[in-house]
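Have a look at the structure below, then the notes.
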Amino acid sequence: MVRVRFAPSPTGYLHIGNIRTALFNYLFARKEGGTFILRIEDTDKERCRPEYQEAALEDLSWMEIQWDEGPYEQSKRLDIYQKYISKLIEEGKAYPCYVTEEEIEEIRRIAHLERKPPRFDNRGRFFTKEEIEKRKARGIKPTVRFKIENPQLTMHDLIRGEVSFNLDEMVGDFVIQRSDGIPTFHLAVCVDDGLMEITHVIRGEDHLSNTPKHILLLQAMGFKPPQYGHLSLIHGPGGEPLSKRLESVSVREFRRRGYLPQALANYIALLGWAPGDNCEIFSWDKLQKAFDLKQVNKSASNYDPKKLDWVNSEHIKAMGEQAYLKVACTFLKENNFNIDDTMKLEKALLLFKRDIHTLGELVDVLTFLEAEAEYERKLEEEFKKKTDLYRILTNPSAQRVTASTSSTITLLNSEGEQLYKELVEKVGKDTGMKGKDIFLPWRMSLTRKSHGTELKRIFEILRRKDLQRRFTFVSKLSSGQL
RNA sequence: GGCGCUAUCGUCUAGCCUGGUCUAGGACGCCAGAUUCUCAUUCUGGUAGCACGGGUUCAAAUCCCGUUAGCGCUACCA
């Protein structure tokens with residue numbers, strides 16, 4: 001029975017690196033019919049914050065990564081860890097160490113000067129009773145260190161294959177309980193993985209060097225070590241470590257910018273994994289079926305925002321109309337974009353469905369739907385700032401076009417595409433202009449932008465009276481009548 | 001510095017285990033063309049890569065060694 005866990009530390013928001021670890025664990029569990037456990041590693045009181053923990057649960061839920069067990073919080077399991085620490089000491093596998101931080105600092109300093117590895121020399125293991133008493137008297141609070149007795153170790157990593165370590169060259173006896181009595185990450189992880197009967201630990205490569213410590217600890221406590229699989233790390237677009245740009249790659253940020261959870265999952269899965277059949281777009285369902293941990297490669301990969309955009313656009317296109325409408329409306333609402341006329345809004349939303357990469361683009365592209373008063377206010381503002389909009393619309397030929405359009409439209413009864421066609425023809429004849437000489441002023445009048453969707457589409461959404469009001473307003477404004 | 005991991009188009013990757021079928025396949029991007037009032041979309045075409053150096057072999061992207069580079073760890077952080 002497969003049991004895996006995702007164990008974030010709530011010291012910040014979940015980012016694409018974290019969520020990929022969560023995703024791979026989750027997909028692996030689903031694939032194997034196993035259990036996916038959520039555990040919060042919050043033993044570091046200084047850096048962990050409850051709001052980050054809350055955010056992590058929220059982000060996971062948004063991603064539809066559902067945990068079957070937990071969340072377990074390590075901060076609430078301190079007494080359990082304590083038992084194991086005591087037992088290790090009793091069995092002589094660990095010992096209270098009265099070496100101070102200053103002394104360790106010194107060891108490091110000297111090692112650095114001698115250009116040697118800054119390895120702890122385990123001196124605390126050999127202190128005499130007198131020495132210990134002396135140090136106790138000085139008020140030194142001990143840490144507890146685990147004795148490394150068997151430094152040679154080879155393990156089989158699920159995605160990296162054989163990896164061997166010689167702990168002698170790496171570290172000395174390491175701390176499993178801090179002087180404040182709180183267990184370290186290493187101890188808590190091993191106790192929990194043991195007790196929770198974790199069978200596969202899938203985590204970031206940054207833990208690879210910790211793994212020998214964990215195996216030794218687990219064995220010392222009488223647990224059978226799980227299988228380990230270390231995922232390569234994700235880097236930023238320029239290959240720099242992700243830690244340098246955490247703000248821009250948090251799950252929340254992607255959500256805020258209008259990415260779909262299934263698209264994010266799809267894209268992230270593609271970082272280090274490929275199905276082998278050249279398929280790139282996966283529904284959530286298909287992803288769960290296709291994913292295979294054995295196909296995950298071991299090299300680090302760079303996060304590419306452009307490809308994410310593409311994947312997201314493909315997911316938007318693939319969505320059913322109703323589902324799309326629902327997420328788009330929710331997204332707009334969350335972003336304080338309110339339009340009373342839902343008929344109009346839905347029509348417009350559907351029209352842009354195939355054009356956009358992210359839901360965030362909707363906010364920008366839908367400005368022409370604003371209520372007339374608001375639209376006019378913003379247009380006037382831009383006029384005062386003498387932007388490109390002002391320059392284009394106050395051009396004499398543009399003035400003629402908007403004036404002609406404004407008066408022509410009152411004579412027509414049609415709506416939508418028909419109105420558009422008639423207007424193109426009549427205004428063309430009236431002003432002697434065609435092509436972009438007409439369309440650019442129109443576009444500017446109707447959307448305040450020089451680029452955008454086909455004007456015909458806008459005519460299909462806006463009613464004649466709205467169009468008329470807009471053209472009349474622009475015509476008056478640009479000719480100084482307002 | 002020590003130890004560990006990694007190395008195929010700009011980016012994500014397939015191929016590597018089980019050498020030949022790889023003059024290295026796909027995707028994103030980019031460039032060009034088509035469509036179009038513009039942008040986006042869509043379609044077509046193009047661009048570009050086995051890090052370097054040694055082996056092994058009739059034959060190496062594929063196996064071995066070394067070098068280089070990047071990353072990780074080297075905490076009483078996780």
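In the structure tokens, the first chain shown is A, the next is B, and so on; residue numbers restart at 1 for each chain, and ligands run from 1 in the order shown.
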Name the residues in contact with C5 in chain B at a cut-off of 8 Å, using only C-alpha atoms (C1' of nucleotides), excluding same-chain residues fewer than 4 positions from it; report them as a VMD selection string.
-> (chain A and resid 205) or (chain B and resid 71 to 72)
Taking only C-alpha atoms (C1' of nucleotides) into account, which residues of chain A are within 7 Å of chain B, as a compact mmCIF listing (two decimals) with N, CA and C atoms, in the first residue's frame?
# COMPACT_ATOMS: atom_id res chain seq x y z
N SER A 9 6.61 23.64 4.67
CA SER A 9 6.90 24.41 5.85
C SER A 9 6.27 25.78 5.64
N ARG A 115 41.16 25.56 4.81
CA ARG A 115 40.56 25.11 3.56
C ARG A 115 40.13 23.63 3.66
N LYS A 116 39.58 23.32 4.78
CA LYS A 116 39.08 21.97 5.00
C LYS A 116 37.56 22.01 5.15
N PRO A 117 36.90 20.87 4.98
CA PRO A 117 35.45 20.88 5.16
C PRO A 117 35.08 21.25 6.59
N THR A 143 22.26 20.66 23.29
CA THR A 143 21.47 20.15 22.17
C THR A 143 21.54 18.64 22.28
N GLU A 169 32.90 12.67 5.36
CA GLU A 169 33.38 13.84 4.65
C GLU A 169 32.36 14.98 4.66
N MET A 170 31.16 14.65 5.08
CA MET A 170 30.12 15.65 5.00
C MET A 170 29.85 16.34 6.33
N VAL A 175 22.54 17.62 14.97
CA VAL A 175 21.60 17.99 16.02
C VAL A 175 20.20 17.45 15.71
N ARG A 178 17.17 20.94 19.43
CA ARG A 178 17.85 22.21 19.69
C ARG A 178 17.92 22.48 21.18
N SER A 179 18.74 23.44 21.53
CA SER A 179 18.92 23.72 22.96
C SER A 179 17.64 24.25 23.60
N PHE A 185 14.18 19.56 12.22
CA PHE A 185 13.51 19.02 11.04
C PHE A 185 13.87 17.54 10.82
N GLU A 205 15.25 18.04 -4.69
CA GLU A 205 16.64 17.62 -4.72
C GLU A 205 17.46 18.27 -3.61
N ASP A 206 16.96 19.38 -3.10
CA ASP A 206 17.69 20.05 -2.03
C ASP A 206 17.78 19.16 -0.79
N SER A 209 21.09 15.53 -0.05
CA SER A 209 22.22 15.37 0.88
C SER A 209 21.76 15.09 2.30
N LEU A 271 7.38 20.04 -16.59
CA LEU A 271 8.72 20.41 -16.17
C LEU A 271 9.37 19.17 -15.56
N ALA A 274 7.70 13.98 -19.35
CA ALA A 274 7.09 13.98 -20.68
C ALA A 274 6.52 12.59 -20.91
N GLY A 276 6.06 10.88 -23.57
CA GLY A 276 6.67 10.01 -24.56
C GLY A 276 5.90 9.92 -25.86
N ASN A 278 4.53 12.75 -27.26
CA ASN A 278 4.46 14.12 -27.77
C ASN A 278 3.21 14.89 -27.38
N SER A 299 17.20 16.19 -14.63
CA SER A 299 17.85 17.49 -14.78
C SER A 299 16.92 18.63 -14.38
N ALA A 300 17.52 19.69 -13.90
CA ALA A 300 16.73 20.85 -13.47
C ALA A 300 16.14 21.54 -14.69
N ASP A 304 9.21 28.68 -17.81
CA ASP A 304 9.05 29.54 -18.98
C ASP A 304 7.62 30.09 -19.03
N LYS A 306 6.09 32.01 -21.00
CA LYS A 306 5.45 32.02 -22.32
C LYS A 306 4.74 30.69 -22.60
N LYS A 307 5.40 29.62 -22.23
CA LYS A 307 4.79 28.32 -22.48
C LYS A 307 3.60 28.09 -21.56
N ARG A 354 -11.53 32.33 -27.36
CA ARG A 354 -10.44 31.72 -28.12
C ARG A 354 -9.23 32.64 -28.28
N ASP A 355 -9.36 33.88 -27.83
CA ASP A 355 -8.26 34.83 -28.04
C ASP A 355 -7.29 34.96 -26.88
N GLY A 435 -11.03 51.64 -45.13
CA GLY A 435 -9.97 50.93 -44.41
C GLY A 435 -9.70 51.52 -43.04
N LYS A 436 -8.42 51.60 -42.76
CA LYS A 436 -8.09 51.98 -41.39
C LYS A 436 -8.40 53.44 -41.07
N PHE A 439 -11.62 52.69 -39.57
CA PHE A 439 -11.59 51.74 -38.45
C PHE A 439 -10.82 52.22 -37.23
N LEU A 440 -9.73 52.93 -37.47
CA LEU A 440 -8.97 53.37 -36.31
C LEU A 440 -9.77 54.36 -35.45
N SER A 450 -5.97 51.31 -29.51
CA SER A 450 -5.66 51.26 -30.94
C SER A 450 -5.63 49.84 -31.47
N HIS A 451 -5.57 48.88 -30.55
CA HIS A 451 -5.58 47.48 -30.97
C HIS A 451 -6.71 46.75 -30.26
N GLY A 452 -7.14 45.68 -30.87
CA GLY A 452 -8.16 44.89 -30.20
C GLY A 452 -8.87 43.99 -31.17
N THR A 453 -9.97 43.48 -30.72
CA THR A 453 -10.70 42.51 -31.52
C THR A 453 -11.36 43.17 -32.74
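Considering the residues A:Asp173, A:Glu415, A:Asp292, A:Glu374 and counting only C-alpha atoms, Ile159 in chain A has its shortest atom-to-atom contact with A:Asp292.
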Write down as an MDAnalysis selection string the residues belonging to range 185-395 of chain A that are assigned strand (DSSP E) by DSSP computed on the backbone.
-> chainID A and resid 200:204 227:231 234:235 301:302
Could you write out that same residue set with N, CA and C atoms as an mmCIF file, in the first residue's frame?
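Saved the output as result35.cif:
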data_model
loop_
_atom_site.group_PDB
_atom_site.id
_atom_site.type_symbol
_atom_site.label_atom_id
_atom_site.label_comp_id
_atom_site.auth_asym_id
_atom_site.auth_seq_id
_atom_site.Cartn_x
_atom_site.Cartn_y
_atom_site.Cartn_z
ATOM 1 N N HIS A 200 6.972 6.073 0.233
ATOM 2 C CA HIS A 200 7.772 6.757 -0.788
ATOM 3 C C HIS A 200 7.887 8.229 -0.431
ATOM 4 N N VAL A 201 9.092 8.691 -0.304
ATOM 5 C CA VAL A 201 9.300 10.108 -0.042
ATOM 6 C C VAL A 201 9.731 10.767 -1.343
ATOM 7 N N ILE A 202 8.826 11.572 -1.891
ATOM 8 C CA ILE A 202 9.143 12.289 -3.120
ATOM 9 C C ILE A 202 9.292 13.752 -2.750
ATOM 10 N N ARG A 203 10.478 14.277 -2.881
ATOM 11 C CA ARG A 203 10.739 15.637 -2.417
ATOM 12 C C ARG A 203 11.777 16.285 -3.302
ATOM 13 N N GLY A 204 12.107 17.520 -3.009
ATOM 14 C CA GLY A 204 13.043 18.266 -3.828
ATOM 15 C C GLY A 204 14.478 17.780 -3.683
ATOM 16 N N GLN A 227 11.253 4.445 0.377
ATOM 17 C CA GLN A 227 12.015 4.683 -0.848
ATOM 18 C C GLN A 227 12.038 6.183 -1.087
ATOM 19 N N TYR A 228 13.146 6.653 -1.585
ATOM 20 C CA TYR A 228 13.262 8.090 -1.815
ATOM 21 C C TYR A 228 13.318 8.402 -3.305
ATOM 22 N N GLY A 229 12.706 9.509 -3.660
ATOM 23 C CA GLY A 229 12.800 9.998 -5.033
ATOM 24 C C GLY A 229 13.018 11.494 -4.971
ATOM 25 N N HIS A 230 14.128 11.944 -5.498
ATOM 26 C CA HIS A 230 14.434 13.378 -5.399
ATOM 27 C C HIS A 230 14.244 14.085 -6.730
ATOM 28 N N LEU A 231 13.296 14.984 -6.707
ATOM 29 C CA LEU A 231 12.932 15.762 -7.884
ATOM 30 C C LEU A 231 13.937 16.897 -8.096
ATOM 31 N N ILE A 234 13.344 23.530 -9.836
ATOM 32 C CA ILE A 234 12.929 24.409 -10.924
ATOM 33 C C ILE A 234 13.659 25.732 -10.775
ATOM 34 N N HIS A 235 14.105 26.266 -11.881
ATOM 35 C CA HIS A 235 14.773 27.562 -11.866
ATOM 36 C C HIS A 235 13.924 28.602 -12.579
ATOM 37 N N SER A 301 15.027 22.234 -14.497
ATOM 38 C CA SER A 301 14.426 22.904 -15.638
ATOM 39 C C SER A 301 14.041 24.336 -15.304
ATOM 40 N N ASN A 302 13.975 25.123 -16.328
ATOM 41 C CA ASN A 302 13.638 26.535 -16.155
ATOM 42 C C ASN A 302 12.157 26.767 -16.392
#
May I have all residues of range 232-263 of chain A that DSSP, computed from the backbone, assigns to helix (DSSP H, G or I), given as a compact mmCIF listing (two decimals) with N, CA and C atoms, in the first residue's frame?
# COMPACT_ATOMS: atom_id res chain seq x y z
N LEU A 242 15.06 29.68 -8.11
CA LEU A 242 13.70 30.21 -7.95
C LEU A 242 13.58 31.11 -6.72
N SER A 243 14.39 30.82 -5.73
CA SER A 243 14.29 31.56 -4.47
C SER A 243 14.48 33.06 -4.67
N LYS A 244 15.05 33.43 -5.80
CA LYS A 244 15.29 34.85 -6.03
C LYS A 244 14.06 35.58 -6.54
N ARG A 245 13.04 34.84 -6.89
CA ARG A 245 11.87 35.51 -7.45
C ARG A 245 10.58 34.91 -6.93
N LEU A 246 10.56 34.61 -5.66
CA LEU A 246 9.43 33.91 -5.07
C LEU A 246 8.09 34.62 -5.24
N GLU A 247 8.12 35.94 -5.20
CA GLU A 247 6.85 36.69 -5.26
C GLU A 247 6.10 36.38 -6.56
N SER A 248 6.86 36.30 -7.64
CA SER A 248 6.22 36.20 -8.95
C SER A 248 5.81 34.78 -9.31
N VAL A 249 6.20 33.79 -8.53
CA VAL A 249 5.89 32.43 -8.91
C VAL A 249 5.03 31.69 -7.88
N VAL A 251 1.68 30.31 -6.14
CA VAL A 251 0.42 29.81 -6.67
C VAL A 251 -0.65 30.90 -6.65
N ARG A 252 -0.62 31.67 -5.57
CA ARG A 252 -1.61 32.76 -5.45
C ARG A 252 -1.48 33.78 -6.56
N GLU A 253 -0.25 34.05 -6.90
CA GLU A 253 0.00 35.03 -7.94
C GLU A 253 -0.53 34.52 -9.29
N PHE A 254 -0.33 33.26 -9.56
CA PHE A 254 -0.85 32.70 -10.82
C PHE A 254 -2.36 32.75 -10.83
N ARG A 255 -2.92 32.48 -9.70
CA ARG A 255 -4.38 32.53 -9.59
C ARG A 255 -4.87 33.94 -9.82
N ARG A 256 -4.20 34.89 -9.23
CA ARG A 256 -4.58 36.30 -9.35
C ARG A 256 -4.49 36.77 -10.80
N PRO A 261 -6.26 26.33 -12.67
CA PRO A 261 -5.50 25.35 -11.90
C PRO A 261 -5.07 24.14 -12.72
N GLN A 262 -5.96 23.67 -13.58
CA GLN A 262 -5.60 22.48 -14.36
C GLN A 262 -4.51 22.79 -15.38
N ALA A 263 -4.47 24.06 -15.83
CA ALA A 263 -3.42 24.46 -16.78
C ALA A 263 -2.08 24.57 -16.06
